[in-house]
Amino acid sequence: MEKLSQLSAPIYEALEAFRKKRVVPFDVPGHKRGRGNPELRELLGEKCVNLDVNSMKPLDNLCHPVSVIRDAEQLAAEAFGAAHAFFMVGGTTSSVQSMVLSSTKAGDKIILPRNVHKSVINALVLNGAIPVYINPEVDGKLGISLGMELAEVEKAIKANPDAKAVLVNNPTYYGICSDLRSIVKLAHAHNMLCLVDEAHGTHFYFGPNMPVNAMAAGADMASVSMHKSGGSLTQSSLLLTGPNVNWEYVSQIINLTQTTSASYLLLSSLDISRRNLYMRGETSFAKVAEMAEYAREEINTIGGYYAYGQELKNGSSIFDFDVTKLSVYTRDIGLAGIEVYDLLRDEYDIQIEFGDIANILAYVSIGDRIQDIERLVGALADIKRLYSRDPSKMLNTEYIAPQVVVSPQEAFYAKDESLPIRETAGRICSEFVMCYPPGIPILAPGEVITKEIIEYIIYAKEKGCSMQGPEDPEVNNINVLV
Amino acid sequence: MELWFSDYHTDDVKLDIKIEKQLFGEDTDFQRIDVFDSKEFGRFIACDGTIVFSQKDEFIYDEMIVHVPMAVHPHVKKVLVIGGGDGGVARELSRYPEIEEIDVVETDHVFIDVCRDFFPDNAIGLDDARVTIFNANGLRFLRSKVNAYDLIINDAIDPLGHAAGLFTKEFYGNCFRALKEDGIMVYQHGSPFYDEDEETCRAMHRKASHSFPISRVYQAAIPTCPSGYWLFGFASKKYHPLKDFDPVKWKARGIKTWYYSANLHKGAFMLPKYVEDMLEEEEK
């Protein structure tokens, strides 16, 4: 077969060829190139509604790719140094869940950091695998959870030699990287797979000065949010597999839950973004890193803020740092990150990615310009001038080790009852309780509720943290197993 | 042959100017810059397809943004001009002998070079010995300045383009900090007439009136601006644009003008009812 060129974009080219044929549609979608829905056509534009077409022979089918989608996936695999790449249209959630579902089944153990994305635990609800949590170290000052320490992974592996896989968040939302190469080696030495939630690390594949990416580190699977730093449309994602993974099996797993009407807007955006990254990724991300470094220097010059970077590296829980992430510690000006986040949006028309109890994260990407960075820095200077106050006591986050007594699946489907929170000590929880910030689950289905946990939930609520997960949005009641 | 330049004032309204000749066209790091000769407006410069000024009407704008605050503030020594790389504002400022320093901050050095080449009558302002040109981003330049200027003139015109940072709350906040305790800031306030521009115009007044104790708006008729009608903002820590206006002193200077006059100064602050209502709503 002729070798494909990275400069081509097979899905995009097929869509263009199809458009020129002016085929009369007697198939779905029923809006028929937008004609049946004029307001939608007005909102999205003619070009966009024209691209919203169904799978058909010239455009291939994501459920079983044999032509242009297969070619585009091959090009993506090559660009990312993977053995196989899957185009995903259900967000990186679907990529992460496919990793978990294809490496474990009911009763199997999987080693995870406690600060995993909830999509991972949801996958365990689906397939009945058992989580083994590793306690993430939390930075005492910044209050953020750090990477997985090798010694902790080793301890968990020794205690659970029958586990099937180790999952790593790399990098974290804040840009913290674990010693991925060593973790992969360790997992493989114990016949376990290494899965990487690389949602925030698409750019690691493009540039010489980036932290090591999952495929280069030898990981078996990686979930890559192309729509985050990669520039594709929201909800599009990539699942990469290494040479020792049976990709046909992974494909079967994906098809268990994947739509049979994949959007060509999402698919073509993945295809075009891969080509864009191949052509311009290195230069673009070097520019992103430069802009973030510039912003860090300028923000640190204002005083009161701490925009952290490479200097955090400690050889273990912060093995590497992703310099494209612009995280800023705000507590020394007396404002919680979430307060600065709100001020930036309400007063300065600047929307940043998130604010937690002590930090904000501004997402810098290939779409940014230096004048926008100046706005952000200018606004932070003005916020300090107008709103800073004495740093008072704020919520200190602490890690409470979970006790998993039944599988998330068993707990999720078991008969349960709703009890006032103070009466739940000693019972087994059947739902999630997450606290934002910091976004680490306090309880997941199947875990014992302790007095300590109850106190923490009440305290965090008083401090204004947003509680998510429980059926009762106020979290006065929690569902427990009967 | 007929060649026309279209300046879109809204998606549905445009001003067309018949072109004699295009003299310059280039994409810089920040914007697209074009220079044309026309019969009616003479030579004019456009950034990203929007006219910045023409030889025919630049006097209106340059006089109004300079002489209004200069006739109010009793002792201006240090002035900061943000944008204004063409030199027109500096040229008007250079007529005041008591001014000691004029700092001009322009992000795009190509814009300065183009104006020097094609608009020598404006660029002459940049050659005054009191002028220092800084090739920097306005917001960044301001961040390090505290209690430094008597007058800040924000000459940037496009609140949606690369100068968007100069129409924000952080900009007004940083200006407030950079001004001395009796300092004045004047700025382009846009045009209130078309629906598309109204919200921007409102937001500007909201931000300025929340940042400064005195915040008034004045007007001028400028043919190349959207709807031919343009507003300027006057934000001040101490001096009121009418109560502290000194017409006798200004007249005594004998500065030759074509648009501004001591009479017009007062009239410029008398706004149409619909504009006044709009601004009052934002002051609440």
# chains A, B, ... in the order shown; residues from 1 in each chain; ligands from 1
$ closest_atom_pairs --of "chain B" --to "chain A" --cutoff "7 Å" --atoms "only C-alpha atoms" --output "Markdown table"
| residue | atom | partner | partner_atom | distance |
| --- | --- | --- | --- | --- |
| B:Leu139 | CA | A:Glu374 | CA | 6.3 |
| B:Arg140 | CA | A:Glu374 | CA | 6.2 |
| B:Arg143 | CA | A:Gly378 | CA | 6.8 |
| B:His162 | CA | A:Gln371 | CA | 6.8 |
| B:Gly165 | CA | A:Arg375 | CA | 5.5 |
| B:Thr168 | CA | A:Tyr348 | CA | 6.7 |
| B:Lys169 | CA | A:Tyr348 | CA | 5.8 |
| B:Glu170 | CA | A:Ala379 | CA | 4.7 |
| B:Gly173 | CA | A:Asp382 | CA | 6.0 |
| B:Asn174 | CA | A:Asp382 | CA | 6.6 |
$ write_last_selection --atoms "all heavy atoms" --output "mmCIF file, in the first residue's frame"
data_model
loop_
_atom_site.group_PDB
_atom_site.id
_atom_site.type_symbol
_atom_site.label_atom_id
_atom_site.label_comp_id
_atom_site.auth_asym_id
_atom_site.auth_seq_id
_atom_site.Cartn_x
_atom_site.Cartn_y
_atom_site.Cartn_z
ATOM 1 N N LEU B 139 -0.721 48.177 27.822
ATOM 2 C CA LEU B 139 -1.046 47.660 29.151
ATOM 3 C C LEU B 139 0.212 47.320 29.929
ATOM 4 O O LEU B 139 0.328 47.585 31.113
ATOM 5 C CB LEU B 139 -1.882 46.384 29.014
ATOM 6 C CG LEU B 139 -3.367 46.489 29.279
ATOM 7 C CD1 LEU B 139 -4.023 45.146 29.048
ATOM 8 C CD2 LEU B 139 -3.641 46.949 30.703
ATOM 9 N N ARG B 140 1.164 46.720 29.217
ATOM 10 C CA ARG B 140 2.396 46.324 29.886
ATOM 11 C C ARG B 140 3.180 47.559 30.338
ATOM 12 O O ARG B 140 3.691 47.623 31.452
ATOM 13 C CB ARG B 140 3.247 45.482 28.945
ATOM 14 C CG ARG B 140 4.530 45.122 29.618
ATOM 15 C CD ARG B 140 5.329 44.072 28.891
ATOM 16 N NE ARG B 140 6.310 43.585 29.837
ATOM 17 C CZ ARG B 140 7.598 43.470 29.561
ATOM 18 N NH1 ARG B 140 8.048 43.776 28.367
ATOM 19 N NH2 ARG B 140 8.426 43.037 30.466
ATOM 20 N N ARG B 143 1.762 49.052 33.539
ATOM 21 C CA ARG B 143 1.781 48.277 34.786
ATOM 22 C C ARG B 143 2.819 48.779 35.788
ATOM 23 O O ARG B 143 2.609 48.738 36.989
ATOM 24 C CB ARG B 143 2.046 46.795 34.501
ATOM 25 C CG ARG B 143 0.807 45.990 34.234
ATOM 26 C CD ARG B 143 1.005 44.535 34.559
ATOM 27 N NE ARG B 143 1.990 43.865 33.746
ATOM 28 C CZ ARG B 143 1.782 43.442 32.496
ATOM 29 N NH1 ARG B 143 0.617 43.625 31.926
ATOM 30 N NH2 ARG B 143 2.732 42.829 31.836
ATOM 31 N N HIS B 162 -6.637 44.380 17.905
ATOM 32 C CA HIS B 162 -5.469 44.034 18.725
ATOM 33 C C HIS B 162 -5.298 44.965 19.913
ATOM 34 O O HIS B 162 -4.583 44.662 20.848
ATOM 35 C CB HIS B 162 -4.194 44.013 17.862
ATOM 36 C CG HIS B 162 -3.637 45.372 17.563
ATOM 37 N ND1 HIS B 162 -2.665 45.946 18.342
ATOM 38 C CD2 HIS B 162 -3.941 46.280 16.611
ATOM 39 C CE1 HIS B 162 -2.380 47.141 17.858
ATOM 40 N NE2 HIS B 162 -3.135 47.370 16.814
ATOM 41 N N GLY B 165 -7.243 45.370 24.646
ATOM 42 C CA GLY B 165 -6.819 45.502 26.038
ATOM 43 C C GLY B 165 -6.884 46.931 26.546
ATOM 44 O O GLY B 165 -6.804 47.175 27.742
ATOM 45 N N THR B 168 -10.530 48.086 28.643
ATOM 46 C CA THR B 168 -10.976 47.157 29.671
ATOM 47 C C THR B 168 -10.878 47.798 31.041
ATOM 48 O O THR B 168 -10.232 48.823 31.226
ATOM 49 C CB THR B 168 -10.065 45.922 29.669
ATOM 50 O OG1 THR B 168 -8.725 46.368 29.912
ATOM 51 C CG2 THR B 168 -10.118 45.217 28.334
ATOM 52 N N LYS B 169 -11.513 47.143 31.983
ATOM 53 C CA LYS B 169 -11.464 47.631 33.362
ATOM 54 C C LYS B 169 -10.024 47.673 33.880
ATOM 55 O O LYS B 169 -9.634 48.598 34.578
ATOM 56 C CB LYS B 169 -12.314 46.707 34.242
ATOM 57 C CG LYS B 169 -12.248 47.117 35.684
ATOM 58 C CD LYS B 169 -13.242 46.368 36.554
ATOM 59 C CE LYS B 169 -12.836 46.582 37.998
ATOM 60 N NZ LYS B 169 -13.931 46.513 38.933
ATOM 61 N N GLU B 170 -9.227 46.645 33.524
ATOM 62 C CA GLU B 170 -7.846 46.630 34.015
ATOM 63 C C GLU B 170 -7.061 47.806 33.440
ATOM 64 O O GLU B 170 -6.191 48.372 34.079
ATOM 65 C CB GLU B 170 -7.142 45.301 33.732
ATOM 66 C CG GLU B 170 -7.024 44.873 32.279
ATOM 67 C CD GLU B 170 -8.212 44.045 31.813
ATOM 68 O OE1 GLU B 170 -9.301 44.179 32.406
ATOM 69 O OE2 GLU B 170 -8.056 43.267 30.859
ATOM 70 N N GLY B 173 -8.113 50.869 35.349
ATOM 71 C CA GLY B 173 -7.528 50.742 36.684
ATOM 72 C C GLY B 173 -6.044 51.077 36.661
ATOM 73 O O GLY B 173 -5.537 51.822 37.506
ATOM 74 N N ASN B 174 -5.344 50.542 35.661
ATOM 75 C CA ASN B 174 -3.908 50.796 35.566
ATOM 76 C C ASN B 174 -3.635 52.262 35.222
ATOM 77 O O ASN B 174 -2.643 52.838 35.665
ATOM 78 C CB ASN B 174 -3.263 49.860 34.544
ATOM 79 C CG ASN B 174 -3.102 48.437 35.095
ATOM 80 O OD1 ASN B 174 -2.791 48.245 36.265
ATOM 81 N ND2 ASN B 174 -3.323 47.450 34.259
#
$ residues_around --residues "Val104 of chain B" --least-positions-apart "2" --cutoff "8 Å" --atoms "only C-alpha atoms" --output "ChimeraX atom specification"
/B:80-85,90,102,106,131-134
$ select_by_dssp --residues "segment 75-122 of chain B" --states "strand (DSSP E)" --output "list in words"
Lys78, Val79, Leu80, Val81, Ile82, Glu101, Ile102, Asp103, Val104 and Val105 of chain B
$ residues_around --residues "Arg114 of chain A" --least-positions-apart "3" --cutoff "9 Å" --atoms "only C-alpha atoms" --output "list in words"
His117, Val132, Tyr133, Ile134, Asn135, Pro136, Ala401, Pro402, Ile440 and Pro441 of chain A
$ residues_around --residues "segment 206-216 of chain A" --least-positions-apart "2" --cutoff "6 Å" --atoms "only C-alpha atoms" --output "MDAnalysis selection string"
chainID A and resid 203:204 218:219 281:282
$ closest_residue --among "B:Trp258, B:Tyr239, B:Gly87, B:Thr200" --to "Ala71 of chain B" --atoms "only C-alpha atoms"
B:Tyr239
$ select_by_dssp --residues "segment 74-168 of chain B" --states "helix (DSSP H, G or I)" --output "ChimeraX atom specification"
/B:88-93,109-118,120-127,138-143,164-167
$ atom_distance --atom1 "atom CA of Glu20 of chain B" --atom2 "atom CA of Ile112 of chain B"
23.3 Å
$ closest_atom_pairs --of "segment 207-325 of chain A" --to "segment 90-100 of chain A" --cutoff "8 Å" --atoms "only C-alpha atoms" --output "Markdown table"
| residue | atom | partner | partner_atom | distance |
| --- | --- | --- | --- | --- |
| A:Met221 | CA | A:Met99 | CA | 6.6 |
| A:Ala222 | CA | A:Met99 | CA | 7.7 |
| A:Ser223 | CA | A:Ser95 | CA | 5.3 |
| A:Val224 | CA | A:Thr92 | CA | 6.8 |
| A:Ser225 | CA | A:Thr92 | CA | 5.6 |
| A:Thr234 | CA | A:Gly91 | CA | 7.4 |
| A:Gln235 | CA | A:Gly91 | CA | 4.0 |
| A:Ser236 | CA | A:Gly91 | CA | 5.3 |
| A:Ser237 | CA | A:Thr92 | CA | 5.3 |
| A:Leu238 | CA | A:Ser95 | CA | 6.8 |
| A:Leu239 | CA | A:Ser95 | CA | 5.3 |
| A:Val250 | CA | A:Ser98 | CA | 7.1 |
| A:Ile253 | CA | A:Ser98 | CA | 6.3 |
| A:Ile254 | CA | A:Ser98 | CA | 5.7 |
| A:Gln258 | CA | A:Gly90 | CA | 7.2 |
$ write_last_selection --atoms "N, CA and C atoms" --output "PDB file, in the first residue's frame"
ATOM      1  N   MET A 221      -1.597   2.227  26.782  1.00  0.00           N
ATOM      2  CA  MET A 221      -2.690   3.011  26.188  1.00  0.00           C
ATOM      3  C   MET A 221      -2.630   4.436  26.743  1.00  0.00           C
ATOM      4  N   ALA A 222      -3.121   5.374  25.945  1.00  0.00           N
ATOM      5  CA  ALA A 222      -3.174   6.756  26.409  1.00  0.00           C
ATOM      6  C   ALA A 222      -4.411   7.438  25.843  1.00  0.00           C
ATOM      7  N   SER A 223      -5.081   8.224  26.692  1.00  0.00           N
ATOM      8  CA  SER A 223      -6.244   9.007  26.263  1.00  0.00           C
ATOM      9  C   SER A 223      -5.803  10.443  26.096  1.00  0.00           C
ATOM     10  N   VAL A 224      -5.939  10.955  24.893  1.00  0.00           N
ATOM     11  CA  VAL A 224      -5.400  12.270  24.565  1.00  0.00           C
ATOM     12  C   VAL A 224      -6.543  13.199  24.161  1.00  0.00           C
ATOM     13  N   SER A 225      -6.734  14.269  24.927  1.00  0.00           N
ATOM     14  CA  SER A 225      -7.802  15.229  24.611  1.00  0.00           C
ATOM     15  C   SER A 225      -7.358  16.149  23.495  1.00  0.00           C
ATOM     16  N   THR A 234     -14.605  20.514  20.581  1.00  0.00           N
ATOM     17  CA  THR A 234     -14.991  19.957  21.865  1.00  0.00           C
ATOM     18  C   THR A 234     -15.683  18.610  21.665  1.00  0.00           C
ATOM     19  N   GLN A 235     -15.316  17.642  22.516  1.00  0.00           N
ATOM     20  CA  GLN A 235     -15.883  16.295  22.485  1.00  0.00           C
ATOM     21  C   GLN A 235     -15.107  15.335  21.576  1.00  0.00           C
ATOM     22  N   SER A 236     -14.156  15.822  20.801  1.00  0.00           N
ATOM     23  CA  SER A 236     -13.352  14.896  19.991  1.00  0.00           C
ATOM     24  C   SER A 236     -12.101  14.543  20.774  1.00  0.00           C
ATOM     25  N   SER A 237     -11.628  13.319  20.601  1.00  0.00           N
ATOM     26  CA  SER A 237     -10.510  12.842  21.410  1.00  0.00           C
ATOM     27  C   SER A 237      -9.806  11.704  20.685  1.00  0.00           C
ATOM     28  N   LEU A 238      -8.642  11.327  21.211  1.00  0.00           N
ATOM     29  CA  LEU A 238      -7.902  10.206  20.628  1.00  0.00           C
ATOM     30  C   LEU A 238      -7.633   9.163  21.692  1.00  0.00           C
ATOM     31  N   LEU A 239      -7.721   7.892  21.301  1.00  0.00           N
ATOM     32  CA  LEU A 239      -7.240   6.809  22.157  1.00  0.00           C
ATOM     33  C   LEU A 239      -6.073   6.165  21.431  1.00  0.00           C
ATOM     34  N   VAL A 250      -9.738  -3.828  21.618  1.00  0.00           N
ATOM     35  CA  VAL A 250     -10.072  -2.472  22.078  1.00  0.00           C
ATOM     36  C   VAL A 250     -11.199  -1.898  21.221  1.00  0.00           C
ATOM     37  N   ILE A 253     -14.461  -3.190  22.357  1.00  0.00           N
ATOM     38  CA  ILE A 253     -14.872  -2.520  23.604  1.00  0.00           C
ATOM     39  C   ILE A 253     -15.440  -1.131  23.290  1.00  0.00           C
ATOM     40  N   ILE A 254     -14.736  -0.394  22.431  1.00  0.00           N
ATOM     41  CA  ILE A 254     -15.211   0.954  22.083  1.00  0.00           C
ATOM     42  C   ILE A 254     -16.627   0.881  21.514  1.00  0.00           C
ATOM     43  N   GLN A 258     -20.083   3.221  21.909  1.00  0.00           N
ATOM     44  CA  GLN A 258     -19.930   4.354  20.993  1.00  0.00           C
ATOM     45  C   GLN A 258     -21.134   4.502  20.063  1.00  0.00           C
TER      46      GLN A 258
END
$ residues_around --residues "segment 321-338 of chain A" --least-positions-apart "6" --cutoff "6 Å" --atoms "only C-alpha atoms" --output "list in words"
Gly175, Ile176, Cys177, Ala289, Ala292, Gly304, Tyr305, Tyr306, Ala307, Gln310, Gly355, Asp356, Ile357, Ala358, Asn359, Ile360, Leu361, Ala362, Ser388, Arg389, Asp390 and Pro391 of chain A
$ write_last_selection --atoms "N, CA and C atoms" --output "CSV table (one decimal), in the first residue's frame"
chain,number,residue,atom,x,y,z
A,175,GLY,N,-0.5,20.6,35.6
A,175,GLY,CA,0.8,20.5,34.9
A,175,GLY,C,1.8,19.6,35.6
A,176,ILE,N,1.5,18.9,36.6
A,176,ILE,CA,2.4,18.1,37.4
A,176,ILE,C,2.6,16.7,36.7
A,177,CYS,N,3.8,16.3,36.4
A,177,CYS,CA,4.1,15.0,35.8
A,177,CYS,C,4.7,14.1,36.7
A,289,ALA,N,4.6,27.9,25.2
A,289,ALA,CA,5.5,27.8,26.4
A,289,ALA,C,6.2,29.1,26.7
A,292,ALA,N,3.6,31.4,28.2
A,292,ALA,CA,3.3,31.1,29.6
A,292,ALA,C,4.4,31.5,30.5
A,304,GLY,N,2.7,39.2,45.4
A,304,GLY,CA,1.5,38.7,46.0
A,304,GLY,C,1.0,37.4,45.3
A,305,TYR,N,1.2,37.3,44.0
A,305,TYR,CA,0.8,36.1,43.3
A,305,TYR,C,2.1,35.2,43.2
A,306,TYR,N,1.8,33.9,43.1
A,306,TYR,CA,2.9,33.0,42.8
A,306,TYR,C,2.5,32.1,41.6
A,307,ALA,N,3.1,32.5,40.5
A,307,ALA,CA,2.9,31.7,39.3
A,307,ALA,C,4.1,30.7,39.2
A,310,GLN,N,8.9,25.3,36.6
A,310,GLN,CA,9.9,24.3,36.7
A,310,GLN,C,10.6,24.1,38.1
A,355,GLY,N,-10.8,28.0,39.1
A,355,GLY,CA,-10.1,28.5,40.3
A,355,GLY,C,-10.5,27.5,41.4
A,356,ASP,N,-9.5,27.1,42.2
A,356,ASP,CA,-9.8,26.3,43.3
A,356,ASP,C,-9.6,27.1,44.6
A,357,ILE,N,-9.4,26.5,45.7
A,357,ILE,CA,-9.3,27.2,47.0
A,357,ILE,C,-8.1,28.1,47.0
A,358,ALA,N,-7.0,27.8,46.3
A,358,ALA,CA,-5.8,28.6,46.5
A,358,ALA,C,-5.2,29.0,45.2
A,359,ASN,N,-5.7,28.4,44.1
A,359,ASN,CA,-5.0,28.6,42.8
A,359,ASN,C,-6.0,29.0,41.7
A,360,ILE,N,-5.5,29.6,40.6
A,360,ILE,CA,-6.3,29.7,39.4
A,360,ILE,C,-5.4,29.0,38.3
A,361,LEU,N,-6.1,28.6,37.3
A,361,LEU,CA,-5.4,28.0,36.1
A,361,LEU,C,-5.9,28.8,34.9
A,362,ALA,N,-5.0,29.4,34.2
A,362,ALA,CA,-5.4,30.1,32.9
A,362,ALA,C,-4.9,29.1,31.8
A,388,SER,N,-7.4,43.1,47.2
A,388,SER,CA,-6.6,42.2,48.0
A,388,SER,C,-6.9,42.5,49.5
A,389,ARG,N,-6.8,41.5,50.3
A,389,ARG,CA,-7.1,41.7,51.8
A,389,ARG,C,-6.1,40.8,52.5
A,390,ASP,N,-6.2,40.9,53.9
A,390,ASP,CA,-5.2,40.1,54.7
A,390,ASP,C,-5.5,38.6,54.4
A,391,PRO,N,-4.4,37.9,54.2
A,391,PRO,CA,-4.6,36.4,54.0
A,391,PRO,C,-5.1,35.9,55.3
